[in-house]
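This report refers to the structure that appears directly beneath it.
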Amino acid sequence: MFAGRRWLLPSAVLEELDPDAGRPGRRPRRTARDWLVDFSCFAVAVIVGLVGADSVSGNPQVPAGLAELDQLVGALACAAVWLRRRWPLGLAVATIPVSLISETAGGACMIAVFTLAVHRPFRYVAWVAGISVALMPFFYWARPDPELPYVVTVVLAVLLTAAAVGWGMFARSQRRLMLSLRDRARRAETEARLRAEQAQQLAREAIAREMHDVLAHRLTLLSVHAGALEFRPDAPREEVARAAGVIRESAHEALQDLREIIGVLRAGDQDDTGRPQPTLAALDALVAESREAGMKVTLATRVTDPAAVPASVGRTAYRIAQEGLTNARKHAPGTEVTVSVEGGPGDGLTVAVRNPAPEGEVTPVPGSGQGLIGLTERATLTGGSLEHGATADGGFEVRAWLPWG
């Protein structure tokens, strides 16, 4: 997910974004960004420390021995900045007494508070920063700056601490936002996958219902004629031959129906009117109906022998064209839709529905994409394939290939 850009992110963020990529039981390895930030923090602590050391050396109210101790403690505090990622809370707490005896450690103390605000919740930051701010008036009362008034010195120290806390909290909020967006994207992917699985399950349930509806009649005929032969063994040979012929023909037709049902997904084709199922020949009526509804539709048919198209293939092609027109009407109203059908025996049948990009904004339709999932499974079960997606000009195309031969 972050190939080639991992060095731009903190190691702590990478560990939460991709826990499996880390080292179990060990701290995450610093990225290039971590090294750059750590060196910058160390440099800031050293620069501020040098300024503080110079101020202490030139302060007549600070004894020479205390000034040397101040500088030594400040140097150790600057070196401890490299441990800020491992012990952010411990380092920040340790800087509280350090800040009372060393002015040179001021930069390191500020970096420690900033690190605490980045890596820990606000309650820890509030305690540590609050105690540091409360002790500042006593520190500058005991060791006043020779060049600045007492009030100005205290106010500047408080503002610097507040700036470090604010900057750290902002960095932490950005990290939390990135992680929340990651979690939201993962939840969206999981929900989309579950919806797709549910749509496939519903389609397979439709296949099971259709198998029952179509085969029940033929299997009942088989049972009736087989029962007649069983209970009337003395029937005339003509009746026995006729019953056997019916059984043979019914078994053959049942097998053909079974092959069509398994090979074609017909979701929601059944109705209560008993009308025949649509075939490729019904495309003209479908296009005419869409035109009457106000759509701009162009139909291009280049089929070698339309009458020879198998019923199951023609029915699938009809459903693909129907779903493509429905999607165009929902997602690209007012555009001119092109429906093309071409092919022949041995080459297969290719069905394509294309529409350009809509003009202006179109209100999203809830539940979109489920029909395309059903069509994809329908085409796959016939031995063909279906692809759909955006075109180069911003439009949308559904293209399917169905076997014929």
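By convention in this document, the chains of the structure tokens carry letters A, B, ... by their order, each chain's residues are numbered from 1, and ligands are numbered from 1 in the order they are shown.
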
Please report, as a list in words, each residue of stretch 275-319 of chain A to which DSSP assigns helix (DSSP H, G or I) when run on this structure's backbone. Leu280, Ala281, Ala282, Leu283, Asp284, Ala285, Leu286, Val287, Ala288, Glu289, Ser290, Arg291, Glu292, Pro306, Ala307, Ala308, Ala311, Ser312, Val313, Gly314, Arg315, Thr316, Ala317, Tyr318 and Arg319 of chain A

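Between A:Ala45 and the candidates A:Ala32, A:Ala288, A:Ala67, A:Leu76, the tightest atom-to-atom separation, counting only C-alpha atoms, involves A:Leu76.
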
Neighbours of A:Phe122 within 12 Å (only C-alpha atoms; same-chain residues fewer than 2 positions away dropped), as a VMD selection string? chain A and resid 89 113 to 120 124 to 130 165 to 166 168 to 170 172 to 173

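Interatomic distance, atom CA of A:Arg186 to atom CA of A:Ala392: 28.2 Å.
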
I'd like the contact shell of A:Glu68 - 10 Å cut-off, only C-alpha atoms, skipping same-chain residues fewer than 5 positions apart - returned as a VMD selection string. chain A and resid 53 56 to 57 62 to 63 73 to 74 102

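Here the residues within stretch 113-355 of chain A that DSSP labels strand (DSSP E) on the basis of the backbone are A:Lys296, A:Val297, A:Thr298, A:Leu299, A:Ala300, A:Thr301, A:Arg302, A:Val303, A:Glu336, A:Val337, A:Thr338, A:Val339, A:Ser340, A:Val341, A:Glu342, A:Gly343, A:Gly344, A:Gly348, A:Leu349, A:Thr350, A:Val351, A:Ala352, A:Val353, A:Arg354, A:Asn355.
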
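Shortest separation to A:Val351 among A:Asp284, A:Glu197, A:Asp145, A:Glu387 occurs at residue A:Glu387, atoms counted being only C-alpha atoms.
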
Within 9 Å of A:Ala105, counting only C-alpha atoms, which residues show up once you throw out same-chain ones fewer than 5 positions away? Write them as a ChimeraX atom specification, please. /A:45-46,48-49,52-53,70-71,73-78,95,98-99,110

Could you dump the residues just selected with N, CA, C and O atoms as a short mmCIF file (atom, residue, chain, number, x, y, z; two decimals), in the first residue's frame?
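Produced file part.cif, reproduced below:
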```
data_model
loop_
_atom_site.label_atom_id
_atom_site.label_comp_id
_atom_site.auth_asym_id
_atom_site.auth_seq_id
_atom_site.Cartn_x
_atom_site.Cartn_y
_atom_site.Cartn_z
N ALA A 45 17.50 21.15 20.23
CA ALA A 45 17.86 21.08 21.64
C ALA A 45 19.28 21.59 21.88
O ALA A 45 19.56 22.31 22.86
N VAL A 46 20.22 21.24 20.98
CA VAL A 46 21.60 21.69 21.14
C VAL A 46 21.71 23.20 20.94
O VAL A 46 22.40 23.90 21.72
N VAL A 48 19.37 25.57 21.29
CA VAL A 48 18.78 26.26 22.44
C VAL A 48 19.66 26.08 23.67
O VAL A 48 19.82 27.00 24.49
N GLY A 49 20.26 24.89 23.81
CA GLY A 49 21.15 24.66 24.94
C GLY A 49 22.38 25.53 24.91
O GLY A 49 22.84 26.03 25.96
N GLY A 52 21.39 28.88 26.02
CA GLY A 52 21.21 28.87 27.47
C GLY A 52 22.53 28.81 28.21
O GLY A 52 22.72 29.47 29.25
N ALA A 53 23.47 28.00 27.68
CA ALA A 53 24.79 27.91 28.33
C ALA A 53 25.51 29.25 28.31
O ALA A 53 26.16 29.66 29.29
N ASP A 70 25.04 23.24 35.45
CA ASP A 70 23.94 23.54 34.52
C ASP A 70 24.27 23.05 33.11
O ASP A 70 23.46 22.41 32.44
N GLN A 71 25.49 23.33 32.66
CA GLN A 71 25.88 22.93 31.31
C GLN A 71 26.01 21.42 31.18
O GLN A 71 25.65 20.83 30.15
N VAL A 73 24.36 19.08 32.96
CA VAL A 73 23.01 18.51 32.94
C VAL A 73 22.33 18.79 31.60
O VAL A 73 21.63 17.95 31.04
N GLY A 74 22.55 19.98 31.05
CA GLY A 74 21.98 20.31 29.75
C GLY A 74 22.50 19.41 28.64
O GLY A 74 21.76 19.01 27.75
N ALA A 75 23.81 19.11 28.67
CA ALA A 75 24.38 18.21 27.66
C ALA A 75 23.77 16.82 27.76
O ALA A 75 23.44 16.18 26.74
N LEU A 76 23.60 16.31 28.99
CA LEU A 76 22.97 14.99 29.16
C LEU A 76 21.51 15.02 28.68
O LEU A 76 21.03 14.04 28.09
N ALA A 77 20.82 16.12 28.93
CA ALA A 77 19.42 16.23 28.49
C ALA A 77 19.34 16.24 26.96
O ALA A 77 18.45 15.62 26.37
N CYS A 78 20.28 16.93 26.31
CA CYS A 78 20.28 16.92 24.84
C CYS A 78 20.54 15.52 24.29
O CYS A 78 19.93 15.10 23.31
N THR A 95 12.27 15.60 32.79
CA THR A 95 12.68 16.98 32.49
C THR A 95 12.12 17.99 33.49
O THR A 95 12.59 19.14 33.51
N VAL A 98 14.82 18.48 36.02
CA VAL A 98 15.97 18.98 35.28
C VAL A 98 15.80 20.46 34.95
O VAL A 98 16.75 21.25 35.01
N SER A 99 14.57 20.84 34.60
CA SER A 99 14.33 22.24 34.23
C SER A 99 14.52 23.19 35.42
O SER A 99 14.68 24.40 35.22
N MET A 110 11.69 21.26 26.12
CA MET A 110 10.63 21.62 25.19
C MET A 110 10.38 20.47 24.19
O MET A 110 9.23 20.15 23.88
#
```

What gap, in Å, lies between atom CA of A:Arg315 and atom CA of A:Gly344? 15.8 Å

Could you list, as a PyMOL selection string, every residue within 9 Å of A:Gln322, counting only C-alpha atoms and ignoring same-chain residues fewer than 5 positions away? chain A and resi 283+286-287+317+327

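Across A:Val93, A:Ala357, A:Val303, A:Val151, the tightest approach to A:Trp404 is made by A:Val303 when counting only C-alpha atoms.
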
Compile the contact shell of A:Pro137 as a VMD selection string: residues with an atom at most 12 Å away, counting only C-alpha atoms, same-chain residues fewer than 3 positions apart removed. chain A and resid 99 to 100 131 to 134 140 to 144 150 to 158

Expected file contents, prior selection, N, CA, C and O atoms, as a tab-separated table (two decimals), in the first residue's frame:
```
chain	number	residue	atom	x	y	z
A	99	SER	N	14.57	20.84	34.60
A	99	SER	CA	14.33	22.24	34.23
A	99	SER	C	14.52	23.19	35.42
A	99	SER	O	14.68	24.40	35.22
A	100	LEU	N	14.50	22.67	36.67
A	100	LEU	CA	14.68	23.52	37.86
A	100	LEU	C	16.14	23.81	38.13
A	100	LEU	O	16.45	24.76	38.88
A	131	ILE	N	2.55	21.13	35.37
A	131	ILE	CA	3.56	21.22	36.45
A	131	ILE	C	4.74	22.07	36.00
A	131	ILE	O	5.27	22.90	36.77
A	132	SER	N	5.17	21.91	34.73
A	132	SER	CA	6.30	22.71	34.23
A	132	SER	C	5.97	24.19	34.25
A	132	SER	O	6.79	25.03	34.66
A	133	VAL	N	4.76	24.54	33.79
A	133	VAL	CA	4.36	25.95	33.77
A	133	VAL	C	4.24	26.51	35.18
A	133	VAL	O	4.62	27.67	35.44
A	134	ALA	N	3.75	25.68	36.12
A	134	ALA	CA	3.61	26.15	37.50
A	134	ALA	C	4.96	26.41	38.16
A	134	ALA	O	5.08	27.27	39.05
A	140	TYR	N	12.54	31.32	37.48
A	140	TYR	CA	13.04	32.62	37.04
A	140	TYR	C	13.08	33.66	38.17
A	140	TYR	O	13.73	34.70	38.05
A	141	TRP	N	12.38	33.36	39.26
A	141	TRP	CA	12.51	34.22	40.44
A	141	TRP	C	13.86	33.98	41.12
A	141	TRP	O	14.52	34.93	41.57
A	142	ALA	N	14.24	32.69	41.12
A	142	ALA	CA	15.53	32.36	41.75
A	142	ALA	C	16.70	32.71	40.83
A	142	ALA	O	17.79	33.08	41.32
A	143	ARG	N	16.49	32.62	39.52
A	143	ARG	CA	17.57	32.90	38.56
A	143	ARG	C	17.05	33.86	37.50
A	143	ARG	O	16.75	33.46	36.38
A	144	PRO	N	16.91	35.13	37.82
A	144	PRO	CA	16.36	36.10	36.86
A	144	PRO	C	17.30	36.34	35.70
A	144	PRO	O	18.53	36.23	35.83
A	150	TYR	N	11.33	40.22	34.56
A	150	TYR	CA	10.86	38.94	35.10
A	150	TYR	C	9.57	38.48	34.44
A	150	TYR	O	9.44	37.32	34.01
A	151	VAL	N	8.59	39.37	34.30
A	151	VAL	CA	7.28	39.00	33.74
A	151	VAL	C	7.43	38.57	32.28
A	151	VAL	O	6.84	37.57	31.83
A	152	VAL	N	8.25	39.31	31.53
A	152	VAL	CA	8.44	38.97	30.12
A	152	VAL	C	9.07	37.59	29.98
A	152	VAL	O	8.69	36.79	29.13
A	153	THR	N	10.05	37.30	30.82
A	153	THR	CA	10.72	35.99	30.77
A	153	THR	C	9.74	34.86	31.03
A	153	THR	O	9.72	33.84	30.33
A	154	VAL	N	8.90	35.02	32.06
A	154	VAL	CA	7.94	33.97	32.40
A	154	VAL	C	6.92	33.80	31.28
A	154	VAL	O	6.58	32.66	30.90
A	155	VAL	N	6.44	34.90	30.74
A	155	VAL	CA	5.44	34.82	29.68
A	155	VAL	C	6.01	34.12	28.44
A	155	VAL	O	5.37	33.27	27.82
A	156	LEU	N	7.24	34.47	28.08
A	156	LEU	CA	7.87	33.82	26.92
A	156	LEU	C	8.04	32.31	27.14
A	156	LEU	O	7.81	31.51	26.24
A	157	ALA	N	8.45	31.92	28.34
A	157	ALA	CA	8.62	30.49	28.64
A	157	ALA	C	7.29	29.75	28.56
A	157	ALA	O	7.21	28.63	28.03
A	158	VAL	N	6.23	30.39	29.09
A	158	VAL	CA	4.90	29.75	29.03
A	158	VAL	C	4.43	29.63	27.59
A	158	VAL	O	3.87	28.60	27.17
```
